[in-house]
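Beneath this line is the structure, given in structure tokens, with notes to follow.
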Amino acid sequence: MRVVLLIFLCLLAYSGTSVHAQGPGFIYGQDTLTIDLDPAFPGPETPFTATANDYSLPVQGTGIRWFVNGTLVTDARNERKLELESTPVGGKTEIRLVIDLADGSSVSATRTVEPMYLDIIVEPQTRTPAFYKGRPLPSIGSTVNATALINGTPSKAGEYIYTWQINGETLESGAVRGKNVVSFTMPRGERAVLSLEVRTPRGDTLARRTVGLSNATPALKFYEISTLYGLSTRALSDSTPLTGATLAVRAEPYHLDLATYNDPDVAEWRINNQVTGNQSNNPYEITLAANGIGGRTQIQFHVRNTTQVLQGTKGAFLMTF
């Protein structure tokens with residue numbers, strides 16, 4: 001019994017030493033207190049929130065103090081959150097958080113906010129007519145160029161390290177220094193997510209940005225070519241009368257990848273479902289004439305990339321005479 005009692009007393013003594021080591025005499029690590037930001041990377045002149053993250057502290061604090069650029073924020077005493085507004089580009093805000101402990105000591109953390117304007121310019125490499133007032137849209141299998149614009153100017157683009165991802169898959173086989181321009185192929189699906197992280201050569205993250213991209217389906221419309229007025233900007237109707245001796249027509253694909261448009265594997269015209277030879281130097285243009293007195297003729301056009309099978313479109317209209 002004495003032996004058992006002695007061992008039990010020894011265990012109590014060890015446990016008491018452990019608790020004491022976690023108390024006032026504990027040496028705090030660098031990660032026991034942090035300042036979290038929301039959003040994580042504030043843009044220029046935008047509101048953000050700084051939050052005390054002290055959940056790793058082994059003891060509870062007795063007071064909270066916030067300092068901004070060295071000045072005590074009296075209204076934020078004992079507040080876990082601090083509402084702030086970032087500076088313009090080129091400025092910085094130093095935030096210092098001090099938590100007082102029961103033994104009279106304190107632990108602190110400092111974070112500097114240097115706002116960066118990060119935007120991504122997305123340029124789908126797809127076809128639209130010159131008169132089209134909208135912008136080209138990406139389509140499945142089409143090429144998209146993206147450019148990172150930092151603080152409104154590319155002057156320091158070569159100093160940073162860029163990590164580009166599309167749907168979580170890293171492009172360029174990893175992070176690349178100075179790679180503020182990237183090209184990629186749109187994946188399958190209705191939408192894709194393009195994300196970018198910009199870091200300094202030391203590894204400090206400066207900014208992150210995410211852009212959602214929607215895939216369009218390539219479509220085809222037909223337009224009359226007038227010898228007097230040029231290409232009409234009004235698409236032909238499903239039933240178009242032949243008012244003269246001939247009708248010159250151009251097929252215009254929308255949102256078709258430019259590589260496919262410029263060098264299609266298939267680009268064929270059909271008249272009444274029969275493939276017809278095209279005398280024009282432009283595979284997208286054809287000149288039609290009546291083949292009888294009174295009637296109607298179905299005109300079809302088909303363009304496609306046989307490797308990227310979703311890069312293609314076709315359409316048809318009736319020519320009446």
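Letters A, B, ... go to the chains of the structure tokens in the order shown; residues in each chain start at 1; ligands are counted from 1 in the same order.
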>> Env of Gly91 (chain A): 10 Å cut, atoms = only C-alpha atoms, seq-sep filter 6 positions within chain, self excluded. Answer as an MDAnalysis selection string.
In response: chainID A and resid 44:45 113:116
For the selection you just gave me, I'd like the residues written to a file as a PDB file, in the first residue's frame, keeping N, CA and C atoms.
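As a result, again.pdb now contains:
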```pdb
ATOM      1  N   PRO A  44      -7.776  48.298 -52.597  1.00  0.00           N
ATOM      2  CA  PRO A  44      -7.563  49.690 -52.208  1.00  0.00           C
ATOM      3  C   PRO A  44      -8.868  50.382 -51.810  1.00  0.00           C
ATOM      4  N   GLU A  45      -8.805  51.150 -50.731  1.00  0.00           N
ATOM      5  CA  GLU A  45      -9.918  51.974 -50.265  1.00  0.00           C
ATOM      6  C   GLU A  45     -11.214  51.177 -50.136  1.00  0.00           C
ATOM      7  N   VAL A 113      -1.187  45.673 -43.670  1.00  0.00           N
ATOM      8  CA  VAL A 113      -2.058  45.561 -44.836  1.00  0.00           C
ATOM      9  C   VAL A 113      -1.585  46.552 -45.894  1.00  0.00           C
ATOM     10  N   GLU A 114      -1.127  46.021 -47.025  1.00  0.00           N
ATOM     11  CA  GLU A 114      -0.723  46.850 -48.164  1.00  0.00           C
ATOM     12  C   GLU A 114      -1.650  46.492 -49.329  1.00  0.00           C
ATOM     13  N   PRO A 115      -2.706  47.269 -49.535  1.00  0.00           N
ATOM     14  CA  PRO A 115      -3.720  46.882 -50.535  1.00  0.00           C
ATOM     15  C   PRO A 115      -3.159  46.838 -51.947  1.00  0.00           C
ATOM     16  N   MET A 116      -3.592  45.842 -52.678  1.00  0.00           N
ATOM     17  CA  MET A 116      -3.186  45.684 -54.076  1.00  0.00           C
ATOM     18  C   MET A 116      -4.442  45.502 -54.918  1.00  0.00           C
TER      19      MET A 116
END
```
> What is the CA of Thr147 (chain A) to CA of Gly203 (chain A) distance in Å?
Replying inline: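 Value for the CA of Thr147 (chain A)-CA of Gly203 (chain A) distance: 21.0 Å.
The gap separating CA of Thr163 (chain A) from CA of Val193 (chain A) is 13.8 Å, in Å to one decimal.
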>> For Asn145 (chain A), find every residue with an atom within 9 Å (counting only C-alpha atoms), except residues of its own chain fewer than 4 positions away, and show them as an MDAnalysis selection string.
In response: chainID A and resid 121:125 181:184
Give one line per residue of region 59-135 of chain A that approaches region 222-242 of chain A to at most 12 Å, naming the two atoms of the closest pair and their distance in Å to one decimal, counting only C-alpha atoms; sort by chain then ascending residue number and deliver it as a tab-separated table.
```
residue	atom	partner	partner_atom	distance
A:Pro129	CA	A:Thr233	CA	9.1
A:Ala130	CA	A:Thr233	CA	9.6
A:Phe131	CA	A:Thr233	CA	6.9
A:Tyr132	CA	A:Thr233	CA	8.4
A:Lys133	CA	A:Thr233	CA	10.9
```
Filtering to N, CA and C atoms, could you give me those residues as a compact mmCIF listing (two decimals), in the first residue's frame?
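Contents of part.txt, freshly written:
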```
# COMPACT_ATOMS: atom_id res chain seq x y z
N PRO A 129 -18.67 38.44 -85.58
CA PRO A 129 -18.55 39.38 -86.70
C PRO A 129 -18.06 40.74 -86.23
N ALA A 130 -17.46 41.49 -87.13
CA ALA A 130 -16.91 42.80 -86.78
C ALA A 130 -17.99 43.76 -86.30
N PHE A 131 -19.22 43.61 -86.80
CA PHE A 131 -20.29 44.54 -86.41
C PHE A 131 -20.95 44.14 -85.09
N TYR A 132 -20.60 43.00 -84.55
CA TYR A 132 -21.22 42.52 -83.31
C TYR A 132 -20.84 43.44 -82.15
N LYS A 133 -21.82 43.92 -81.41
CA LYS A 133 -21.56 44.89 -80.35
C LYS A 133 -21.22 44.23 -79.00
```
>> Please extract the residues of region 125-310 of chain A with a backbone DSSP assignment of helix (DSSP H, G or I) and present them as a list of chain:residue names.
In response: A:Ala157, A:Gly158, A:Glu159, A:Leu171, A:Glu172, A:Ser173, A:Leu258, A:Ala259, A:Thr260, A:Tyr261, A:Asn262
> Which parts of region 92-265 of chain A does DSSP call strand (DSSP E or B) when run on the backbone here, written out as JSON, numbers by chain?
Replying inline: {"A": [93, 94, 95, 96, 97, 98, 99, 100, 106, 107, 108, 109, 110, 111, 112, 113, 118, 119, 120, 121, 122, 123, 124, 126, 127, 143, 144, 145, 146, 147, 148, 149, 150, 161, 162, 163, 164, 165, 166, 169, 170, 176, 177, 181, 182, 183, 184, 185, 191, 192, 193, 194, 195, 196, 197, 198, 199, 205, 206, 207, 208, 209, 210, 211, 212, 213, 214, 219, 220, 221, 222, 223, 224, 225, 226, 230, 231, 232, 233, 234, 235, 239, 240, 241, 246, 247, 248, 249, 250, 251, 252, 253, 254, 256, 257]}
Find the residues near region 62-66 of chain A: any atom within 9 Å, counting only C-alpha atoms, skip ones fewer than 6 places away on the same chain, and give them as a short mmCIF file (atom, residue, chain, number, x, y, z; two decimals) with C-alpha atoms, in the first residue's frame.
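Full text of out31.cif as output:
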```
data_model
loop_
_atom_site.label_atom_id
_atom_site.label_comp_id
_atom_site.auth_asym_id
_atom_site.auth_seq_id
_atom_site.Cartn_x
_atom_site.Cartn_y
_atom_site.Cartn_z
CA ALA A 52 -8.40 38.44 -33.05
CA LEU A 72 -4.43 53.02 -29.62
CA VAL A 73 -8.02 52.60 -30.85
CA THR A 74 -9.87 53.47 -27.66
CA ALA A 76 -12.14 49.03 -29.73
CA ARG A 77 -10.97 48.16 -26.20
CA ASN A 78 -11.84 44.52 -25.41
CA GLU A 79 -13.43 44.10 -28.85
CA ARG A 80 -12.51 40.96 -30.78
CA LEU A 82 -11.95 45.93 -35.62
CA ILE A 95 -2.41 46.63 -37.15
CA ARG A 96 -1.15 45.54 -33.74
CA LEU A 97 -3.17 43.39 -31.39
CA VAL A 98 -2.27 43.10 -27.70
CA ILE A 99 -3.96 40.67 -25.34
CA ASP A 100 -3.36 41.13 -21.62
CA LEU A 101 -3.01 38.02 -19.45
CA ALA A 102 -3.98 37.32 -15.85
#
```
> What does the distance between CA of Ser195 (chain A) and CA of Gly168 (chain A) come to in Å, to one decimal place?
Replying inline: 7.9 Å
>> Excluding Thr32 (chain A) and its own-chain neighbours fewer than 5 positions away, which residues fall within 9 Å of it when counting only C-alpha atoms? Please give them as a PyMOL selection string.
In response: chain A and resi 53-58+107
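The protein and nucleic acid residues lying at most 10 Å from Lys179 (chain A) are Thr147, Ala148, Ala157, Gly158, Glu159, Tyr160, Ile161, Tyr162, Thr163, Trp164, Glu172 and Val198 of chain A, with only C-alpha atoms considered and sequence neighbours fewer than 5 positions away removed.
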> Looking at A:Ala216, A:Val303, A:Ala50, A:Leu33, which one is nearest to Pro136 (chain A), with distances taken over only C-alpha atoms?
Replying inline: A:Ala216
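Of the listed residues A:Thr46, A:Gln298, A:Gly61, A:Val68, the one whose atoms come nearest to Glu85 (chain A) is A:Thr46, with distances taken using only C-alpha atoms.
Residue nearest Leu220 (chain A), chosen from A:Arg111, A:Arg177, A:Arg296, A:Lys314 and counting only C-alpha atoms: A:Lys314.
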> For Thr143 (chain A), which residue among A:Ser106, A:Asn215, A:Ser86, A:Ser173 is the nearest when counting only C-alpha atoms?
Replying inline: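 With only C-alpha atoms as the atom set, the closest residue is A:Asn215.
Counting only C-alpha atoms, the residue from A:Asn151, A:Gln300, A:Thr126, A:Thr200 that sits nearest to Met186 (chain A) is A:Thr126.
Every protein, DNA or RNA residue with an atom at most 8 Å from Gly315 (chain A), where only C-alpha atoms count and chain neighbours fewer than 2 positions away do not, is listed here: Ala219, Leu220, Lys221, Gln300, Phe301, His302, Thr313 and Phe317 of chain A.
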Grab the residues selected above and save them as a PDB file, in the first residue's frame with all heavy atoms.
```pdb
ATOM      1  N   ALA A 219     -22.847  29.186 -82.432  1.00  0.00           N
ATOM      2  CA  ALA A 219     -24.080  29.311 -83.214  1.00  0.00           C
ATOM      3  C   ALA A 219     -23.748  29.878 -84.582  1.00  0.00           C
ATOM      4  O   ALA A 219     -22.683  30.470 -84.787  1.00  0.00           O
ATOM      5  CB  ALA A 219     -25.081  30.205 -82.483  1.00  0.00           C
ATOM      6  N   LEU A 220     -24.677  29.719 -85.520  1.00  0.00           N
ATOM      7  CA  LEU A 220     -24.432  30.139 -86.899  1.00  0.00           C
ATOM      8  C   LEU A 220     -25.598  30.992 -87.394  1.00  0.00           C
ATOM      9  O   LEU A 220     -26.765  30.650 -87.188  1.00  0.00           O
ATOM     10  CB  LEU A 220     -24.272  28.914 -87.804  1.00  0.00           C
ATOM     11  CG  LEU A 220     -23.835  29.177 -89.240  1.00  0.00           C
ATOM     12  CD1 LEU A 220     -22.380  29.635 -89.268  1.00  0.00           C
ATOM     13  CD2 LEU A 220     -24.016  27.929 -90.096  1.00  0.00           C
ATOM     14  N   LYS A 221     -25.242  32.110 -88.057  1.00  0.00           N
ATOM     15  CA  LYS A 221     -26.246  32.957 -88.692  1.00  0.00           C
ATOM     16  C   LYS A 221     -25.782  33.295 -90.107  1.00  0.00           C
ATOM     17  O   LYS A 221     -24.576  33.300 -90.386  1.00  0.00           O
ATOM     18  CB  LYS A 221     -26.486  34.235 -87.884  1.00  0.00           C
ATOM     19  CG  LYS A 221     -27.141  33.977 -86.530  1.00  0.00           C
ATOM     20  CD  LYS A 221     -27.467  35.274 -85.810  1.00  0.00           C
ATOM     21  CE  LYS A 221     -28.171  34.990 -84.495  1.00  0.00           C
ATOM     22  NZ  LYS A 221     -28.545  36.244 -83.787  1.00  0.00           N
ATOM     23  N   GLN A 300     -27.789  24.909 -96.512  1.00  0.00           N
ATOM     24  CA  GLN A 300     -27.200  24.484 -95.246  1.00  0.00           C
ATOM     25  C   GLN A 300     -25.690  24.767 -95.254  1.00  0.00           C
ATOM     26  O   GLN A 300     -25.049  24.744 -96.309  1.00  0.00           O
ATOM     27  CB  GLN A 300     -27.410  22.978 -95.022  1.00  0.00           C
ATOM     28  CG  GLN A 300     -28.860  22.540 -94.996  1.00  0.00           C
ATOM     29  CD  GLN A 300     -28.971  21.028 -95.113  1.00  0.00           C
ATOM     30  OE1 GLN A 300     -28.587  20.452 -96.138  1.00  0.00           O
ATOM     31  NE2 GLN A 300     -29.493  20.404 -94.069  1.00  0.00           N
ATOM     32  N   PHE A 301     -25.167  25.022 -94.041  1.00  0.00           N
ATOM     33  CA  PHE A 301     -23.718  25.180 -93.890  1.00  0.00           C
ATOM     34  C   PHE A 301     -23.288  24.506 -92.590  1.00  0.00           C
ATOM     35  O   PHE A 301     -23.973  24.574 -91.564  1.00  0.00           O
ATOM     36  CB  PHE A 301     -23.305  26.654 -93.856  1.00  0.00           C
ATOM     37  CG  PHE A 301     -21.812  26.852 -93.742  1.00  0.00           C
ATOM     38  CD1 PHE A 301     -20.983  26.641 -94.831  1.00  0.00           C
ATOM     39  CD2 PHE A 301     -21.229  27.223 -92.529  1.00  0.00           C
ATOM     40  CE1 PHE A 301     -19.609  26.808 -94.736  1.00  0.00           C
ATOM     41  CE2 PHE A 301     -19.858  27.401 -92.424  1.00  0.00           C
ATOM     42  CZ  PHE A 301     -19.040  27.175 -93.524  1.00  0.00           C
ATOM     43  N   HIS A 302     -22.112  23.859 -92.658  1.00  0.00           N
ATOM     44  CA  HIS A 302     -21.599  23.105 -91.518  1.00  0.00           C
ATOM     45  C   HIS A 302     -20.104  23.373 -91.387  1.00  0.00           C
ATOM     46  O   HIS A 302     -19.354  23.233 -92.356  1.00  0.00           O
ATOM     47  CB  HIS A 302     -21.861  21.609 -91.736  1.00  0.00           C
ATOM     48  CG  HIS A 302     -21.371  20.743 -90.609  1.00  0.00           C
ATOM     49  ND1 HIS A 302     -21.090  19.394 -90.779  1.00  0.00           N
ATOM     50  CD2 HIS A 302     -21.106  21.019 -89.309  1.00  0.00           C
ATOM     51  CE1 HIS A 302     -20.679  18.891 -89.627  1.00  0.00           C
ATOM     52  NE2 HIS A 302     -20.669  19.856 -88.720  1.00  0.00           N
ATOM     53  N   THR A 313     -20.504  24.104 -85.569  1.00  0.00           N
ATOM     54  CA  THR A 313     -21.891  24.536 -85.585  1.00  0.00           C
ATOM     55  C   THR A 313     -22.434  24.385 -87.003  1.00  0.00           C
ATOM     56  O   THR A 313     -21.659  24.284 -87.969  1.00  0.00           O
ATOM     57  CB  THR A 313     -22.027  26.000 -85.114  1.00  0.00           C
ATOM     58  OG1 THR A 313     -23.409  26.367 -85.073  1.00  0.00           O
ATOM     59  CG2 THR A 313     -21.262  26.950 -86.027  1.00  0.00           C
ATOM     60  N   PHE A 317     -31.322  27.725 -93.948  1.00  0.00           N
ATOM     61  CA  PHE A 317     -32.449  28.603 -94.234  1.00  0.00           C
ATOM     62  C   PHE A 317     -33.034  28.211 -95.574  1.00  0.00           C
ATOM     63  O   PHE A 317     -32.390  27.517 -96.384  1.00  0.00           O
ATOM     64  CB  PHE A 317     -32.037  30.084 -94.225  1.00  0.00           C
ATOM     65  CG  PHE A 317     -31.150  30.486 -95.358  1.00  0.00           C
ATOM     66  CD1 PHE A 317     -31.695  31.067 -96.511  1.00  0.00           C
ATOM     67  CD2 PHE A 317     -29.773  30.291 -95.316  1.00  0.00           C
ATOM     68  CE1 PHE A 317     -30.868  31.444 -97.577  1.00  0.00           C
ATOM     69  CE2 PHE A 317     -28.952  30.671 -96.372  1.00  0.00           C
ATOM     70  CZ  PHE A 317     -29.512  31.237 -97.512  1.00  0.00           C
TER      71      PHE A 317
END
```
>> Let me make sure I understand: among A:Thr307, A:Asn273, A:Thr246, A:Ser108, which one has the smallest atom-to-atom distance to Thr287 (chain A) if we use only C-alpha atoms?
In response: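 Smallest separation from Thr287 (chain A) among the options: A:Thr246.
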Which residues of region 179-221 of chain A sit at most 9 Å from region 35-43 of chain A, using only C-alpha atoms? Give each one's shortest atom pair and distance in Å (one decimal place), in chain and ascending residue order, as a tab-separated table.
```
residue	atom	partner	partner_atom	distance
A:Thr205	CA	A:Phe41	CA	8.9
A:Leu206	CA	A:Phe41	CA	7.3
A:Ala207	CA	A:Phe41	CA	5.7
A:Arg208	CA	A:Phe41	CA	7.1
```
Could the residues in this selection be saved with C-alpha atoms as a CSV table (one decimal), in the first residue's frame?
```
chain,number,residue,atom,x,y,z
A,205,THR,CA,1.0,36.2,-50.7
A,206,LEU,CA,0.0,39.6,-52.0
A,207,ALA,CA,-3.4,38.9,-53.6
A,208,ARG,CA,-5.9,36.3,-54.8
```
